[in-house]
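Here's the structure, in structure tokens; my notes come after.
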Amino acid sequence: MTVVLDPTAGKVGSSIETVPRPASIEGLTIGLLDISKPRGDRFLDRLEQRLTEAGATVKRYAKPTFTKPAPVDLRHEIATNCDAVIEALAD
Amino acid sequence: MAGSTPSAGPVLPDGLVAVVKRDCPTCVLVAPVLDELAARGAALTVYTQDDLAFPLSSVPVADDTDLTVSWHHGIETVPTLIRVKDGAEVERTVGWSRPHWEALAGLDGLGAELPEMRPGCGSLSVDPDLADALAVRFGGSVLRSRRIELAALEDEMEAAFDRGWTDGLPVVPPTEARVLRMLAGTSRDPADIVAVVPPDLTAVTVEQVAINAVLAGCRPEYLPVVLAAVEAACTEEFNIHGLLATTYFSGPIVVVNGPIAKRIGMNSANNVLGQGNRANLTIGRALQLVVANLGGGRPGRPGRPGVDMALMGAPGKVGCAFAEREDDSPFEPLAVERGLAPGVDAVTLFAGHGPTAIVDQLSRSPESVTRSMAAALRAHGHPKLALGFDAMLVVGPEHGRILREAGWDKARFRAELDELLLMDADALLRGVDGIDEGLPASMAGRRVPKFRPGGLQIVHAGGDAGLFSAILGGWAGGRMGSAPVTHPITDIPSTVPSPSGGPA
């Protein structure tokens with residue numbers, strides 16, 4: 001029998017429960033997060049138009065750079081001000 | 001030897017302490033002297049390593065057959081005679097030497113029948129067949145990681161693959177003995193936190209890095225380089241998280257400067273970016289295994305998503321480290337250019353991949369060869385893009401010689417390159433040459449540099465023959481992505497670990 005030392009951090013998988021899906025977006029505040037990839041704004045512009053037509057209020061956010069996780073303050077601001085968020089990954 | 005020497009062992013009794021073994025002719029030879037010491041009033045304790053029937057008539061023999069006393073008190077030779085006062089060792093002598101024993105015991109005329117001196121024998125506590133087991137038994141308590149027992153019928157190599165600990169190549173099973181030997185490569189405490197490793201933001205210890213250095217195939221003397229590389233990689237500036245997650249090709253490249261590179265046998269010459277050198281290949285691999293196993297950053301595979309989203313990746317992502325060829329370089333070393341004192345051991349982390357060849361076999365003037373390099377660099381990433389991607393230029397020694405013999409230092413070379421890397425934006429705008437990719441129209445009329453300020457690293461490496469240089473392509477540079485980080489290599493123990501350990 002060989003004894004070896006665990007080379008991992010020993011973490012077990014965890015799952016995060018999602019909030020209930022809204023039945024309708026009418027009257028909701030939807031955050032649109034631009035990760036700052038080229039042309040992501042085009043995708044989000046179109047989404048904003050469609051969401052506004054459907055009766056939602058849209059707030060726009062952007063990460064400083066797509067190469068790094070969104071700053072914790074930004075994540076908190078979105079969570080505080082929005083009912084839902086759509087994140088755009090685009091090239 | 002922080003890894004294998006616990007803080008406390010058994011306290012030795014005051015007076016004279018001898019450690020012997022029956023299997024040692026010199027120990028048997030001095031047995032009458034030990035009796036003589038006791039008869040002449042010395043407070044004597046004799047520990048035997050093998051046989052409780054060690055032939056003494058005047059004092060009982062103390063049992064050290066489990067080698068606890070010998071291991072903790074660093075006995076390397078038997079007999080060893082130690083003088084102890086107030087529980088602390090005052091002095092010791094090894095083997096038999098009449099003058100030394102007389103001086104240590106404070107008695108004249110010892111062992112009149114014996115020759116003047118006789119060398120001792122090896123202590124059982126340093127017997128290669130036992131040393132590893134003893135290190136685990138007495139030093140293993142410093143190891144805090146979870147022990148995993150592999151079943152008798154389980155193949156160790158396959159077990160590592162099955163548990164997802166590898167990068168696709170076999171790893172060295174991280175037994176306690178191997179990890180303890182690895183930890184002897186640094187003077188840092190095994191429990192010290194080295195860095196917080198993304199993407200899981202795991203605070204990792206020296207011990208955990210050492211385990212992965214064992215997996216990677218490192219020798220103990222590489223560990224300080226690996227630790228410095230982990231520290232440098234896990235900085236905000238280097239941004240290993242983004243580098244891991246990007247769809248781009250790059251991974252962490254470790255450039256080593258300073259005398260440590262030669263001392264641990266790193267390659268800076270022939271095939272410097274290729275195979276064949278253990279230090280180059282395993283140091284970079286250890287860093288990547290730390291990111292994968294401790295940070296949780298692995299490539300995705302079918303049915304199992306991973307944080308590494310590289311479209312294609314690059315071969316060097318298994319691990320890439322090399323030493324700069326400093327001896328005949330036309331330039332100051334990279335770490336010195338980046339602010340460290342000459343002669344300081346250092347790593348510089350660069351987010352890159354490659355290499356891409358630069359061929360120029362005809363240039364004999366510095367102006368010409370520099371123009372060749374600039375032309376190749378202008379095409380880096382895309383000939384019509386600028387300011388986005390960093391690069392590392394690896395100047396080959398035959399190209400470097402042209403610069404050196406012309407008296408061009410790094411500042412001069414950089415100044416010439418900077419000028420040649422200024423491009424007319426009008427020729428690079430989107431749509432020009434029938435190519436949609438390019439610079440935005442807002443840059444029309446400007447002269448733009450290919451690289452952001454600080455976005456081009458220059459090093460000297462490679463073998464003696466070949467009129468080539470190379471570009472290690474870099475990822476998004478600076479605050480937008482990754483900036484190179486230079487970090488000193490520290491906590492190198494004064495006692496160099498033995499080059500080879502026993503079986504694990």
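Just remember, in the structure tokens the first chain shown is A, the second B, etc., residues are 1-based per chain, and ligands are 1-based in the order shown.
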Could the residues of chain A within 7 Å of chain B, counting only C-alpha atoms, be given as an mmCIF file with N, CA and C atoms, in the first residue's frame, please?
```cif
data_model
loop_
_atom_site.group_PDB
_atom_site.id
_atom_site.type_symbol
_atom_site.label_atom_id
_atom_site.label_comp_id
_atom_site.auth_asym_id
_atom_site.auth_seq_id
_atom_site.Cartn_x
_atom_site.Cartn_y
_atom_site.Cartn_z
ATOM 1 N N MET A 1 0.845 -1.205 0.000
ATOM 2 C CA MET A 1 0.000 0.000 0.000
ATOM 3 C C MET A 1 0.878 1.252 0.000
ATOM 4 N N THR A 2 0.549 2.188 -0.860
ATOM 5 C CA THR A 2 1.289 3.444 -0.921
ATOM 6 C C THR A 2 0.425 4.554 -0.343
ATOM 7 N N VAL A 3 1.040 5.396 0.478
ATOM 8 C CA VAL A 3 0.336 6.570 0.983
ATOM 9 C C VAL A 3 0.882 7.788 0.252
ATOM 10 N N VAL A 4 -0.012 8.564 -0.337
ATOM 11 C CA VAL A 4 0.397 9.810 -0.992
ATOM 12 C C VAL A 4 -0.358 10.969 -0.359
ATOM 13 N N LEU A 5 0.164 12.162 -0.592
ATOM 14 C CA LEU A 5 -0.471 13.366 -0.052
ATOM 15 C C LEU A 5 -1.368 13.984 -1.119
ATOM 16 N N ASP A 6 -2.505 14.465 -0.716
ATOM 17 C CA ASP A 6 -3.487 15.041 -1.637
ATOM 18 C C ASP A 6 -2.922 16.313 -2.280
ATOM 19 N N PRO A 7 -2.731 16.316 -3.592
ATOM 20 C CA PRO A 7 -2.180 17.521 -4.229
ATOM 21 C C PRO A 7 -3.229 18.585 -4.527
ATOM 22 N N THR A 8 -4.484 18.304 -4.227
ATOM 23 C CA THR A 8 -5.540 19.272 -4.515
ATOM 24 C C THR A 8 -5.890 20.045 -3.248
ATOM 25 N N ALA A 9 -6.754 21.025 -3.420
ATOM 26 C CA ALA A 9 -7.197 21.813 -2.271
ATOM 27 C C ALA A 9 -8.264 21.066 -1.480
ATOM 28 N N THR A 65 -12.385 45.318 -17.903
ATOM 29 C CA THR A 65 -11.724 44.534 -18.939
ATOM 30 C C THR A 65 -12.282 43.120 -18.921
ATOM 31 N N THR A 67 -10.701 40.534 -19.356
ATOM 32 C CA THR A 67 -9.701 39.556 -18.920
ATOM 33 C C THR A 67 -9.736 39.289 -17.423
ATOM 34 N N LYS A 68 -10.530 40.053 -16.692
ATOM 35 C CA LYS A 68 -10.528 39.877 -15.238
ATOM 36 C C LYS A 68 -11.959 39.746 -14.733
#
```
Problem set entry | strand (DSSP E) positions in chain A, given as a PyMOL selection string | chain A and resi 2-5+29-34+57-62+84-88
Saved selection, atoms kept: all heavy atoms, as a short mmCIF file (atom, residue, chain, number, x, y, z; two decimals), in the first residue's frame:
```cif
data_model
loop_
_atom_site.label_atom_id
_atom_site.label_comp_id
_atom_site.auth_asym_id
_atom_site.auth_seq_id
_atom_site.Cartn_x
_atom_site.Cartn_y
_atom_site.Cartn_z
N THR A 2 0.55 2.19 -0.86
CA THR A 2 1.29 3.44 -0.92
C THR A 2 0.43 4.55 -0.34
O THR A 2 -0.77 4.62 -0.62
CB THR A 2 1.64 3.79 -2.38
OG1 THR A 2 2.39 2.71 -2.93
CG2 THR A 2 2.44 5.07 -2.46
N VAL A 3 1.04 5.40 0.48
CA VAL A 3 0.34 6.57 0.98
C VAL A 3 0.88 7.79 0.25
O VAL A 3 2.09 7.99 0.20
CB VAL A 3 0.54 6.74 2.50
CG1 VAL A 3 -0.11 8.03 2.99
CG2 VAL A 3 -0.03 5.54 3.24
N VAL A 4 -0.01 8.56 -0.34
CA VAL A 4 0.40 9.81 -0.99
C VAL A 4 -0.36 10.97 -0.36
O VAL A 4 -1.37 10.78 0.32
CB VAL A 4 0.15 9.78 -2.52
CG1 VAL A 4 0.99 8.71 -3.19
CG2 VAL A 4 -1.32 9.58 -2.83
N LEU A 5 0.16 12.16 -0.59
CA LEU A 5 -0.47 13.37 -0.05
C LEU A 5 -1.37 13.98 -1.12
O LEU A 5 -1.00 14.04 -2.30
CB LEU A 5 0.60 14.36 0.39
CG LEU A 5 1.47 13.85 1.55
CD1 LEU A 5 2.69 14.75 1.73
CD2 LEU A 5 0.67 13.81 2.83
N THR A 29 -36.48 45.38 -13.60
CA THR A 29 -35.24 46.07 -13.96
C THR A 29 -34.22 45.02 -14.37
O THR A 29 -33.88 44.13 -13.59
CB THR A 29 -34.71 46.88 -12.76
OG1 THR A 29 -35.71 47.83 -12.38
CG2 THR A 29 -33.42 47.59 -13.13
N ILE A 30 -33.75 45.13 -15.62
CA ILE A 30 -32.81 44.15 -16.17
C ILE A 30 -31.45 44.82 -16.33
O ILE A 30 -31.33 45.87 -16.96
CB ILE A 30 -33.26 43.63 -17.56
CG1 ILE A 30 -34.73 43.19 -17.53
CG2 ILE A 30 -32.33 42.52 -18.04
CD1 ILE A 30 -35.00 41.93 -16.78
N GLY A 31 -30.41 44.22 -15.76
CA GLY A 31 -29.05 44.72 -15.95
C GLY A 31 -28.42 44.07 -17.17
O GLY A 31 -28.58 42.87 -17.40
N LEU A 32 -27.75 44.88 -17.97
CA LEU A 32 -26.99 44.33 -19.10
C LEU A 32 -25.51 44.57 -18.83
O LEU A 32 -25.06 45.72 -18.74
CB LEU A 32 -27.42 45.01 -20.41
CG LEU A 32 -28.87 44.82 -20.84
CD1 LEU A 32 -29.12 45.52 -22.18
CD2 LEU A 32 -29.23 43.34 -20.95
N LEU A 33 -24.76 43.49 -18.67
CA LEU A 33 -23.34 43.61 -18.34
C LEU A 33 -22.49 43.37 -19.58
O LEU A 33 -22.46 42.28 -20.14
CB LEU A 33 -22.96 42.59 -17.24
CG LEU A 33 -21.48 42.55 -16.87
CD1 LEU A 33 -21.00 43.90 -16.34
CD2 LEU A 33 -21.21 41.46 -15.83
N ASP A 34 -21.83 44.41 -20.00
CA ASP A 34 -20.89 44.34 -21.13
C ASP A 34 -19.53 43.92 -20.56
O ASP A 34 -18.99 44.61 -19.70
CB ASP A 34 -20.81 45.72 -21.79
CG ASP A 34 -19.99 45.70 -23.07
OD1 ASP A 34 -19.20 44.75 -23.27
OD2 ASP A 34 -20.12 46.65 -23.87
N THR A 57 -37.26 47.93 -17.54
CA THR A 57 -36.32 49.03 -17.40
C THR A 57 -34.91 48.44 -17.50
O THR A 57 -34.60 47.45 -16.84
CB THR A 57 -36.48 49.71 -16.02
OG1 THR A 57 -37.83 50.13 -15.89
CG2 THR A 57 -35.54 50.89 -15.88
N VAL A 58 -34.06 49.04 -18.32
CA VAL A 58 -32.73 48.48 -18.56
C VAL A 58 -31.67 49.37 -17.93
O VAL A 58 -31.70 50.60 -18.06
CB VAL A 58 -32.47 48.33 -20.08
CG1 VAL A 58 -30.99 47.99 -20.34
CG2 VAL A 58 -33.37 47.26 -20.66
N LYS A 59 -30.75 48.74 -17.22
CA LYS A 59 -29.58 49.45 -16.72
C LYS A 59 -28.34 48.82 -17.36
O LYS A 59 -28.22 47.60 -17.42
CB LYS A 59 -29.47 49.34 -15.19
CG LYS A 59 -30.51 50.16 -14.43
CD LYS A 59 -30.32 49.98 -12.93
CE LYS A 59 -31.31 50.80 -12.13
NZ LYS A 59 -31.01 52.25 -12.15
N ARG A 60 -27.42 49.67 -17.83
CA ARG A 60 -26.24 49.15 -18.52
C ARG A 60 -25.03 49.20 -17.58
O ARG A 60 -24.80 50.17 -16.87
CB ARG A 60 -25.95 49.99 -19.77
CG ARG A 60 -27.04 49.92 -20.84
CD ARG A 60 -27.05 48.58 -21.56
NE ARG A 60 -25.91 48.42 -22.45
CZ ARG A 60 -25.96 48.63 -23.78
NH1 ARG A 60 -27.09 49.04 -24.36
NH2 ARG A 60 -24.89 48.44 -24.51
N TYR A 61 -24.26 48.13 -17.60
CA TYR A 61 -23.03 48.04 -16.82
C TYR A 61 -21.90 47.52 -17.73
O TYR A 61 -22.16 46.87 -18.74
CB TYR A 61 -23.19 47.09 -15.63
CG TYR A 61 -24.30 47.48 -14.69
CD1 TYR A 61 -25.58 46.94 -14.84
CD2 TYR A 61 -24.07 48.38 -13.66
CE1 TYR A 61 -26.61 47.30 -13.98
CE2 TYR A 61 -25.10 48.74 -12.79
CZ TYR A 61 -26.36 48.19 -12.96
OH TYR A 61 -27.37 48.55 -12.11
N ALA A 62 -20.67 47.78 -17.32
CA ALA A 62 -19.54 47.23 -18.08
C ALA A 62 -18.40 46.86 -17.14
O ALA A 62 -18.12 47.57 -16.17
CB ALA A 62 -19.05 48.26 -19.11
N ALA A 84 -32.79 41.02 -12.67
CA ALA A 84 -32.11 39.98 -13.46
C ALA A 84 -30.97 40.64 -14.22
O ALA A 84 -30.94 41.86 -14.39
CB ALA A 84 -33.08 39.33 -14.44
N VAL A 85 -30.01 39.84 -14.65
CA VAL A 85 -28.87 40.38 -15.39
C VAL A 85 -28.58 39.48 -16.59
O VAL A 85 -28.75 38.27 -16.54
CB VAL A 85 -27.62 40.52 -14.48
CG1 VAL A 85 -27.13 39.15 -14.00
CG2 VAL A 85 -26.49 41.25 -15.20
N ILE A 86 -28.20 40.13 -17.69
CA ILE A 86 -27.77 39.40 -18.88
C ILE A 86 -26.33 39.83 -19.16
O ILE A 86 -26.02 41.01 -19.24
CB ILE A 86 -28.67 39.72 -20.09
CG1 ILE A 86 -30.11 39.28 -19.80
CG2 ILE A 86 -28.13 39.02 -21.35
CD1 ILE A 86 -31.10 39.73 -20.86
N GLU A 87 -25.44 38.83 -19.29
CA GLU A 87 -24.03 39.12 -19.50
C GLU A 87 -23.69 38.75 -20.94
O GLU A 87 -24.04 37.66 -21.40
CB GLU A 87 -23.19 38.29 -18.52
CG GLU A 87 -21.71 38.58 -18.59
CD GLU A 87 -20.95 37.93 -17.43
OE1 GLU A 87 -21.60 37.53 -16.46
OE2 GLU A 87 -19.72 37.83 -17.53
N ALA A 88 -23.04 39.66 -21.64
CA ALA A 88 -22.75 39.44 -23.05
C ALA A 88 -21.31 39.02 -23.24
O ALA A 88 -20.38 39.68 -22.79
CB ALA A 88 -23.02 40.71 -23.85
#
```
Seminar exercise, completed: Pairwise distance, atom CA of B:Val196 with atom CA of B:Ala232, equals 10.9 Å
Exercise. Can you list every residue in stretch 272-449 of chain B that DSSP puts in helix (DSSP H, G or I), as a PyMOL selection string?
Worked result: chain B and resi 278-294+315-318+334-337+366-378+397-405+410-420+425-427+432-434+441-443
Neighbour list for B:Phe249 as a compact mmCIF listing (two decimals) with N, CA, C and O atoms, in the first residue's frame, cut-off 7 Å, only C-alpha atoms, skip fewer than 2 positions in-chain:
```
# COMPACT_ATOMS: atom_id res chain seq x y z
N THR B 247 -9.62 32.59 -24.28
CA THR B 247 -9.65 31.74 -25.47
C THR B 247 -8.32 31.79 -26.22
O THR B 247 -8.10 31.02 -27.14
N GLY B 251 0.07 31.00 -22.06
CA GLY B 251 0.15 30.48 -20.70
C GLY B 251 1.30 31.17 -19.99
O GLY B 251 2.01 31.98 -20.58
N ALA B 310 -9.19 28.00 -23.61
CA ALA B 310 -8.33 28.22 -24.77
C ALA B 310 -8.89 27.54 -26.02
O ALA B 310 -9.23 26.36 -25.99
N MET B 312 -7.22 26.80 -28.79
CA MET B 312 -6.26 25.76 -29.18
C MET B 312 -5.19 25.52 -28.11
O MET B 312 -4.62 24.46 -28.04
N GLY B 313 -4.91 26.54 -27.32
CA GLY B 313 -3.80 26.42 -26.39
C GLY B 313 -2.47 26.41 -27.11
O GLY B 313 -2.37 26.82 -28.27
N ALA B 314 -1.44 25.93 -26.45
CA ALA B 314 -0.11 25.87 -27.04
C ALA B 314 0.68 24.82 -26.29
O ALA B 314 0.42 24.57 -25.11
N HIS B 353 3.35 32.46 -25.44
CA HIS B 353 3.34 31.15 -26.08
C HIS B 353 4.29 31.23 -27.27
O HIS B 353 4.77 32.28 -27.63
```
